[in-house]
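> Please see the structure below; I have some questions.
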Amino acid sequence: MLLVRTESPQQTFELGRRLGQILLPGDLVCLEGDLGTGKTCLAGGIARGLGVTGYVSSPSFNIVNEYEGRFPVYHIDVYRLEDPAELEEIGYRDYFFGTGVTVVEWADKIKELVPDECLWIRLVRPPGGEVDHREITIHAVGDRYRCRIERMKTDVGAGP
Amino acid sequence: MGTLILGIETSCDETAAAVVEGGTRVRSNVVSSQVDLHAKYGGVVPEIASRRHLELILPIIKEAIDGAGIGLDDLDAVAVTQGPGLVGALLVGVATGKALAYARGIPLIGVNHLEGHIYANFLSGEPPEFPLVCLVVSGGHTDLLYIEDHGRVEVLGRTRDDAAGEAFDKVARTLGLGYPGGPQVDALAQKGDPAALAFPRAYLEEGSLDFSFSGLKTAVLVYLEKEKEADHPVNRADVAASFQNAVVDVLVDKTLAAAQRKAAKRIILAGGVAANTRLRSELALRARNLGLQVSFPPPALCTDNAAMIASAGYFTWLRRGASPLNLNAVPNLELGGEGN
């Protein structure tokens with residue numbers, strides 16, 4: 001597990017960018033956090049780290065936005081889904097088990113569909129803290145991601 | 001009788017079909033959320049699903065053909081949304097459009113959804129004259145476009161994070177209002193003071209025509225949270241009015257700046273948020289002061305529909321002919337990128 005405290009959207013984006021740089025085809029990143037905690041901002045950083053140029057906007061309405069970086073990047077947002085089964089209809093397997101990197105916002109809403117291995121990232125606005133402060137915890141679920149976290153630890157050692 | 005085009009739209013939630021004559025006259029316009037197909041055809045209808053498009057597409061097309069008082073034989077061409085959108089959803093429309101075009105031996109025309117929104121303005125009254133600036137503002141888009149002529153579209157700016165309509169929906173949800181949030185916030189805001197609370201307006205770098213609504217959304221959420229923690233009563237109408245004012249200020253300022261930069265004399269609005277009363281009145285007022293003309297589509301044509309696709313298809317067809325029958329759905333289709 002890795003805990004990073006960021007103090008601005010720029011720092012959250014930068015954390016994402018560093019993470020994106022070490023992700024590999026087939027990786028799945030799950031994001032959990034309330035409205036306005038910076039999920040899309042972090043996802044934008046991850047996409048930038050994966051070589052996506054341009055801005056990564058919120059997929060809340062489109063459900064899936066696709067980008068071309070070093071590999072395909074699938075930015076999914078299940079915010080509007082009422083039932084995880086709806087994700088079946090979207091063909092989520094093609095994304096989760098494909099050759100691109102998939103980032104899922106509101107992943108806690110579809111826990112039963114999340115594979116055994118993934119990076120699980122939780123974003124929290126610490127109560128009583130500054131408007132822009134965030135606590136971001138990165139959990140490696142499964143062996144595949146453990147080494148990614150170790151790399152992040154050495155990377156982030158110098159601070160966000 | 002003018003050229004009859006069947007439009008098909010399945011890029012996101014709505015399954016829609018329409019018949020448009022001569023690119024500008026709506027003969028029928030059927031949108032799944034607006035008709036009670038449930039009662040008519042039965043079946044369980046999940047909220048967001050390609051399967052739902054699959055179940056609805058043929059009944060919706062039939063409804064559009066019947067509603068236009070024509071038969072399939074009368075169609076001159078089929079226009080279909082090719083992208084951007086959800087691939088599974090797009091494929092239903094694209095496959096149906098291709099099958100129809102092939103079976104009837106008529107041309108198929110692939111249309112960009114965003115370009116389609118522009119053509120909602122060609123479907124009532126006098127078609128707007130080029131060049132013009134178009135603000136497409138909805139749950140999924142906030143795009144500022146310069147249109148020199150049919151098919152010559154330049155993206156001047158777009159949202160870097162949340163779409164304006166998305167900010168409306170998320171703030172509405174936090175205020176305990178229903179869905180869709182846009183009309184609800186609009187209604188509540190009319191009872192509030194737009195200057196009561198100073199929410200941030202993101203103008204980004206000097207001269208940028210891009211948008212950002214994520215910070216505003218977060219500011220409203222944090223405000224509500226802090227007031228709750230402090231046990232202060234919240235005037236929700238003031239919050240709605242002040243939030244809406246912040247969104248509208250930025251949209252209007254950037255749209256006017258775009259028109260001036262491009263020396264365009266006309267501004268058109270499109271997308272679901274184009275129905276917002278404050279956006280309409282502020283833009284109309286401030287544009288008039290600058291000697292600019294503004295037009296809005298009727299509310300029913302602001303949100304996703306297929307009449308706009310049929311109209312865009314008609315003008316695309318005149319310009320560059322039909323699309324090949326191997327037309328593909330392109331989920332991240334760019335403007336000017338005509339797939340294949």
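Here, A, B, ... name the chains of the structure tokens in the order displayed, residue numbers run from 1 inside each chain, and ligands are numbered from 1 in the same displayed order.
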Using only C-alpha atoms, which residues sit within 6 Å of Ile109 of chain B once same-chain residues fewer than 4 positions away are excluded, as an NGL selection string?

:B and (79 or 313 or 322-323)

> How would the residues just chosen look if you wrote them out with all heavy atoms as a PDB file, in the first residue's frame?


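Output (out13.pdb):
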ATOM      1  N   ALA B  79     -28.896   8.456 -43.180  1.00  0.00           N
ATOM      2  CA  ALA B  79     -27.763   9.089 -42.483  1.00  0.00           C
ATOM      3  C   ALA B  79     -27.684   8.500 -41.084  1.00  0.00           C
ATOM      4  O   ALA B  79     -28.701   8.351 -40.407  1.00  0.00           O
ATOM      5  CB  ALA B  79     -27.970  10.598 -42.399  1.00  0.00           C
ATOM      6  N   GLY B 313     -26.610  14.932 -42.405  1.00  0.00           N
ATOM      7  CA  GLY B 313     -26.371  13.941 -43.454  1.00  0.00           C
ATOM      8  C   GLY B 313     -26.676  14.498 -44.832  1.00  0.00           C
ATOM      9  O   GLY B 313     -25.924  14.280 -45.788  1.00  0.00           O
ATOM     10  N   ALA B 322     -21.857   9.936 -50.868  1.00  0.00           N
ATOM     11  CA  ALA B 322     -22.197   8.922 -49.870  1.00  0.00           C
ATOM     12  C   ALA B 322     -20.949   8.329 -49.224  1.00  0.00           C
ATOM     13  O   ALA B 322     -19.836   8.495 -49.715  1.00  0.00           O
ATOM     14  CB  ALA B 322     -23.011   7.826 -50.530  1.00  0.00           C
ATOM     15  N   SER B 323     -21.156   7.656 -48.103  1.00  0.00           N
ATOM     16  CA  SER B 323     -20.086   6.910 -47.434  1.00  0.00           C
ATOM     17  C   SER B 323     -20.068   5.499 -48.007  1.00  0.00           C
ATOM     18  O   SER B 323     -21.093   5.017 -48.492  1.00  0.00           O
ATOM     19  CB  SER B 323     -20.346   6.821 -45.934  1.00  0.00           C
ATOM     20  OG  SER B 323     -20.449   8.100 -45.366  1.00  0.00           O
TER      21      SER B 323
END

> Need the shell around Arg201 of chain B: protein/DNA/RNA residues with any atom at most 7 Å away, counting only C-alpha atoms. Skip same-chain ones fewer than 6 positions apart. Format as a PDB file with N, CA and C atoms, in the first residue's frame?


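Wrote it out as out26.pdb, contents follow:
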ATOM      1  N   LEU B 216     -15.275  24.214 -10.185  1.00  0.00           N
ATOM      2  CA  LEU B 216     -16.533  24.830  -9.745  1.00  0.00           C
ATOM      3  C   LEU B 216     -17.417  23.793  -9.045  1.00  0.00           C
ATOM      4  N   ALA B 246     -22.244  31.129 -12.393  1.00  0.00           N
ATOM      5  CA  ALA B 246     -20.816  30.922 -12.652  1.00  0.00           C
ATOM      6  C   ALA B 246     -20.618  30.172 -13.970  1.00  0.00           C
ATOM      7  N   VAL B 250     -19.018  32.017 -17.713  1.00  0.00           N
ATOM      8  CA  VAL B 250     -17.871  31.515 -18.476  1.00  0.00           C
ATOM      9  C   VAL B 250     -18.293  31.123 -19.890  1.00  0.00           C
TER      10      VAL B 250
END

> Quick one: residues within 7 Å of Val4 of chain A, only C-alpha atoms, excluding same-chain residues fewer than 2 positions away - as a PyMOL selection string?

chain A and resi 2+6+135-137

> Which of segment 17-110 of chain A counts as helix (DSSP H, G or I) under DSSP, as a PDB file with N, CA and C atoms, in the first residue's frame please?


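Generated output (result19.pdb):
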ATOM      1  N   ARG A  17       0.460  10.866 -13.619  1.00  0.00           N
ATOM      2  CA  ARG A  17       1.385  10.790 -14.741  1.00  0.00           C
ATOM      3  C   ARG A  17       2.520   9.803 -14.455  1.00  0.00           C
ATOM      4  N   ARG A  18       3.026   9.878 -13.208  1.00  0.00           N
ATOM      5  CA  ARG A  18       4.099   8.945 -12.821  1.00  0.00           C
ATOM      6  C   ARG A  18       3.610   7.509 -12.830  1.00  0.00           C
ATOM      7  N   LEU A  19       2.393   7.331 -12.375  1.00  0.00           N
ATOM      8  CA  LEU A  19       1.813   5.990 -12.355  1.00  0.00           C
ATOM      9  C   LEU A  19       1.641   5.493 -13.789  1.00  0.00           C
ATOM     10  N   GLY A  20       1.124   6.374 -14.649  1.00  0.00           N
ATOM     11  CA  GLY A  20       0.906   6.000 -16.051  1.00  0.00           C
ATOM     12  C   GLY A  20       2.173   5.523 -16.737  1.00  0.00           C
ATOM     13  N   GLN A  21       3.294   6.130 -16.337  1.00  0.00           N
ATOM     14  CA  GLN A  21       4.570   5.776 -16.978  1.00  0.00           C
ATOM     15  C   GLN A  21       4.988   4.338 -16.736  1.00  0.00           C
ATOM     16  N   ILE A  22       4.503   3.735 -15.635  1.00  0.00           N
ATOM     17  CA  ILE A  22       4.948   2.365 -15.332  1.00  0.00           C
ATOM     18  C   ILE A  22       3.867   1.322 -15.624  1.00  0.00           C
ATOM     19  N   LYS A  39     -10.836  12.131  -9.215  1.00  0.00           N
ATOM     20  CA  LYS A  39     -10.677  10.881  -9.970  1.00  0.00           C
ATOM     21  C   LYS A  39     -10.335  11.161 -11.438  1.00  0.00           C
ATOM     22  N   THR A  40     -11.098  12.067 -12.051  1.00  0.00           N
ATOM     23  CA  THR A  40     -10.853  12.362 -13.469  1.00  0.00           C
ATOM     24  C   THR A  40      -9.493  13.026 -13.654  1.00  0.00           C
ATOM     25  N   CYS A  41      -9.113  13.852 -12.674  1.00  0.00           N
ATOM     26  CA  CYS A  41      -7.811  14.517 -12.710  1.00  0.00           C
ATOM     27  C   CYS A  41      -6.695  13.485 -12.657  1.00  0.00           C
ATOM     28  N   LEU A  42      -6.803  12.526 -11.748  1.00  0.00           N
ATOM     29  CA  LEU A  42      -5.800  11.462 -11.636  1.00  0.00           C
ATOM     30  C   LEU A  42      -5.770  10.622 -12.911  1.00  0.00           C
ATOM     31  N   ALA A  43      -6.966  10.300 -13.429  1.00  0.00           N
ATOM     32  CA  ALA A  43      -7.059   9.511 -14.669  1.00  0.00           C
ATOM     33  C   ALA A  43      -6.396  10.265 -15.820  1.00  0.00           C
ATOM     34  N   GLY A  44      -6.566  11.586 -15.835  1.00  0.00           N
ATOM     35  CA  GLY A  44      -5.936  12.406 -16.872  1.00  0.00           C
ATOM     36  C   GLY A  44      -4.425  12.318 -16.789  1.00  0.00           C
ATOM     37  N   GLY A  45      -3.900  12.323 -15.565  1.00  0.00           N
ATOM     38  CA  GLY A  45      -2.462  12.178 -15.361  1.00  0.00           C
ATOM     39  C   GLY A  45      -1.973  10.814 -15.820  1.00  0.00           C
ATOM     40  N   ILE A  46      -2.733   9.773 -15.487  1.00  0.00           N
ATOM     41  CA  ILE A  46      -2.366   8.407 -15.897  1.00  0.00           C
ATOM     42  C   ILE A  46      -2.295   8.334 -17.424  1.00  0.00           C
ATOM     43  N   ALA A  47      -3.314   8.914 -18.078  1.00  0.00           N
ATOM     44  CA  ALA A  47      -3.338   8.893 -19.546  1.00  0.00           C
ATOM     45  C   ALA A  47      -2.127   9.648 -20.111  1.00  0.00           C
ATOM     46  N   ARG A  48      -1.802  10.788 -19.502  1.00  0.00           N
ATOM     47  CA  ARG A  48      -0.645  11.559 -19.969  1.00  0.00           C
ATOM     48  C   ARG A  48       0.626  10.727 -19.823  1.00  0.00           C
ATOM     49  N   GLY A  49       0.750  10.039 -18.682  1.00  0.00           N
ATOM     50  CA  GLY A  49       1.905   9.174 -18.446  1.00  0.00           C
ATOM     51  C   GLY A  49       1.979   8.030 -19.439  1.00  0.00           C
ATOM     52  N   ALA A  85     -24.777  -5.104 -13.941  1.00  0.00           N
ATOM     53  CA  ALA A  85     -25.081  -5.900 -15.138  1.00  0.00           C
ATOM     54  C   ALA A  85     -25.065  -5.042 -16.393  1.00  0.00           C
ATOM     55  N   GLU A  86     -25.343  -3.749 -16.239  1.00  0.00           N
ATOM     56  CA  GLU A  86     -25.339  -2.868 -17.407  1.00  0.00           C
ATOM     57  C   GLU A  86     -23.955  -2.793 -18.050  1.00  0.00           C
ATOM     58  N   LEU A  87     -22.933  -3.070 -17.223  1.00  0.00           N
ATOM     59  CA  LEU A  87     -21.577  -3.022 -17.742  1.00  0.00           C
ATOM     60  C   LEU A  87     -21.344  -4.178 -18.724  1.00  0.00           C
ATOM     61  N   GLU A  88     -22.019  -5.293 -18.472  1.00  0.00           N
ATOM     62  CA  GLU A  88     -21.974  -6.427 -19.402  1.00  0.00           C
ATOM     63  C   GLU A  88     -22.384  -5.952 -20.787  1.00  0.00           C
ATOM     64  N   GLU A  89     -23.454  -5.172 -20.808  1.00  0.00           N
ATOM     65  CA  GLU A  89     -24.029  -4.717 -22.078  1.00  0.00           C
ATOM     66  C   GLU A  89     -23.047  -3.844 -22.843  1.00  0.00           C
ATOM     67  N   ILE A  90     -22.186  -3.169 -22.104  1.00  0.00           N
ATOM     68  CA  ILE A  90     -21.231  -2.282 -22.749  1.00  0.00           C
ATOM     69  C   ILE A  90     -20.043  -3.079 -23.284  1.00  0.00           C
ATOM     70  N   TYR A  92     -17.718  -4.799 -21.256  1.00  0.00           N
ATOM     71  CA  TYR A  92     -16.575  -4.380 -20.445  1.00  0.00           C
ATOM     72  C   TYR A  92     -15.407  -5.350 -20.524  1.00  0.00           C
ATOM     73  N   ARG A  93     -15.701  -6.623 -20.827  1.00  0.00           N
ATOM     74  CA  ARG A  93     -14.606  -7.607 -20.891  1.00  0.00           C
ATOM     75  C   ARG A  93     -13.570  -7.218 -21.935  1.00  0.00           C
ATOM     76  N   ASP A  94     -14.061  -6.635 -23.036  1.00  0.00           N
ATOM     77  CA  ASP A  94     -13.134  -6.222 -24.098  1.00  0.00           C
ATOM     78  C   ASP A  94     -12.139  -5.193 -23.574  1.00  0.00           C
ATOM     79  N   TYR A  95     -12.575  -4.417 -22.589  1.00  0.00           N
ATOM     80  CA  TYR A  95     -11.682  -3.413 -22.014  1.00  0.00           C
ATOM     81  C   TYR A  95     -10.840  -4.026 -20.895  1.00  0.00           C
ATOM     82  N   PHE A  96     -11.509  -4.658 -19.908  1.00  0.00           N
ATOM     83  CA  PHE A  96     -10.812  -5.185 -18.726  1.00  0.00           C
ATOM     84  C   PHE A  96      -9.764  -6.232 -19.101  1.00  0.00           C
ATOM     85  N   ALA A 107     -15.258   2.592  -9.276  1.00  0.00           N
ATOM     86  CA  ALA A 107     -15.136   1.133  -9.378  1.00  0.00           C
ATOM     87  C   ALA A 107     -15.827   0.418  -8.225  1.00  0.00           C
ATOM     88  N   ASP A 108     -16.009   1.105  -7.091  1.00  0.00           N
ATOM     89  CA  ASP A 108     -16.678   0.463  -5.951  1.00  0.00           C
ATOM     90  C   ASP A 108     -18.125   0.087  -6.288  1.00  0.00           C
ATOM     91  N   LYS A 109     -18.688   0.702  -7.338  1.00  0.00           N
ATOM     92  CA  LYS A 109     -20.060   0.369  -7.727  1.00  0.00           C
ATOM     93  C   LYS A 109     -20.151  -0.935  -8.506  1.00  0.00           C
ATOM     94  N   ILE A 110     -18.994  -1.435  -8.978  1.00  0.00           N
ATOM     95  CA  ILE A 110     -19.024  -2.657  -9.796  1.00  0.00           C
ATOM     96  C   ILE A 110     -18.051  -3.693  -9.251  1.00  0.00           C
TER      97      ILE A 110
END

> Could you tell me how far atom CA of Asn326 of chain B lies from atom CA of Lys98 of chain B, in Å and to one decimal?

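Separation of atom CA of Asn326 of chain B and atom CA of Lys98 of chain B: 8.1 Å.
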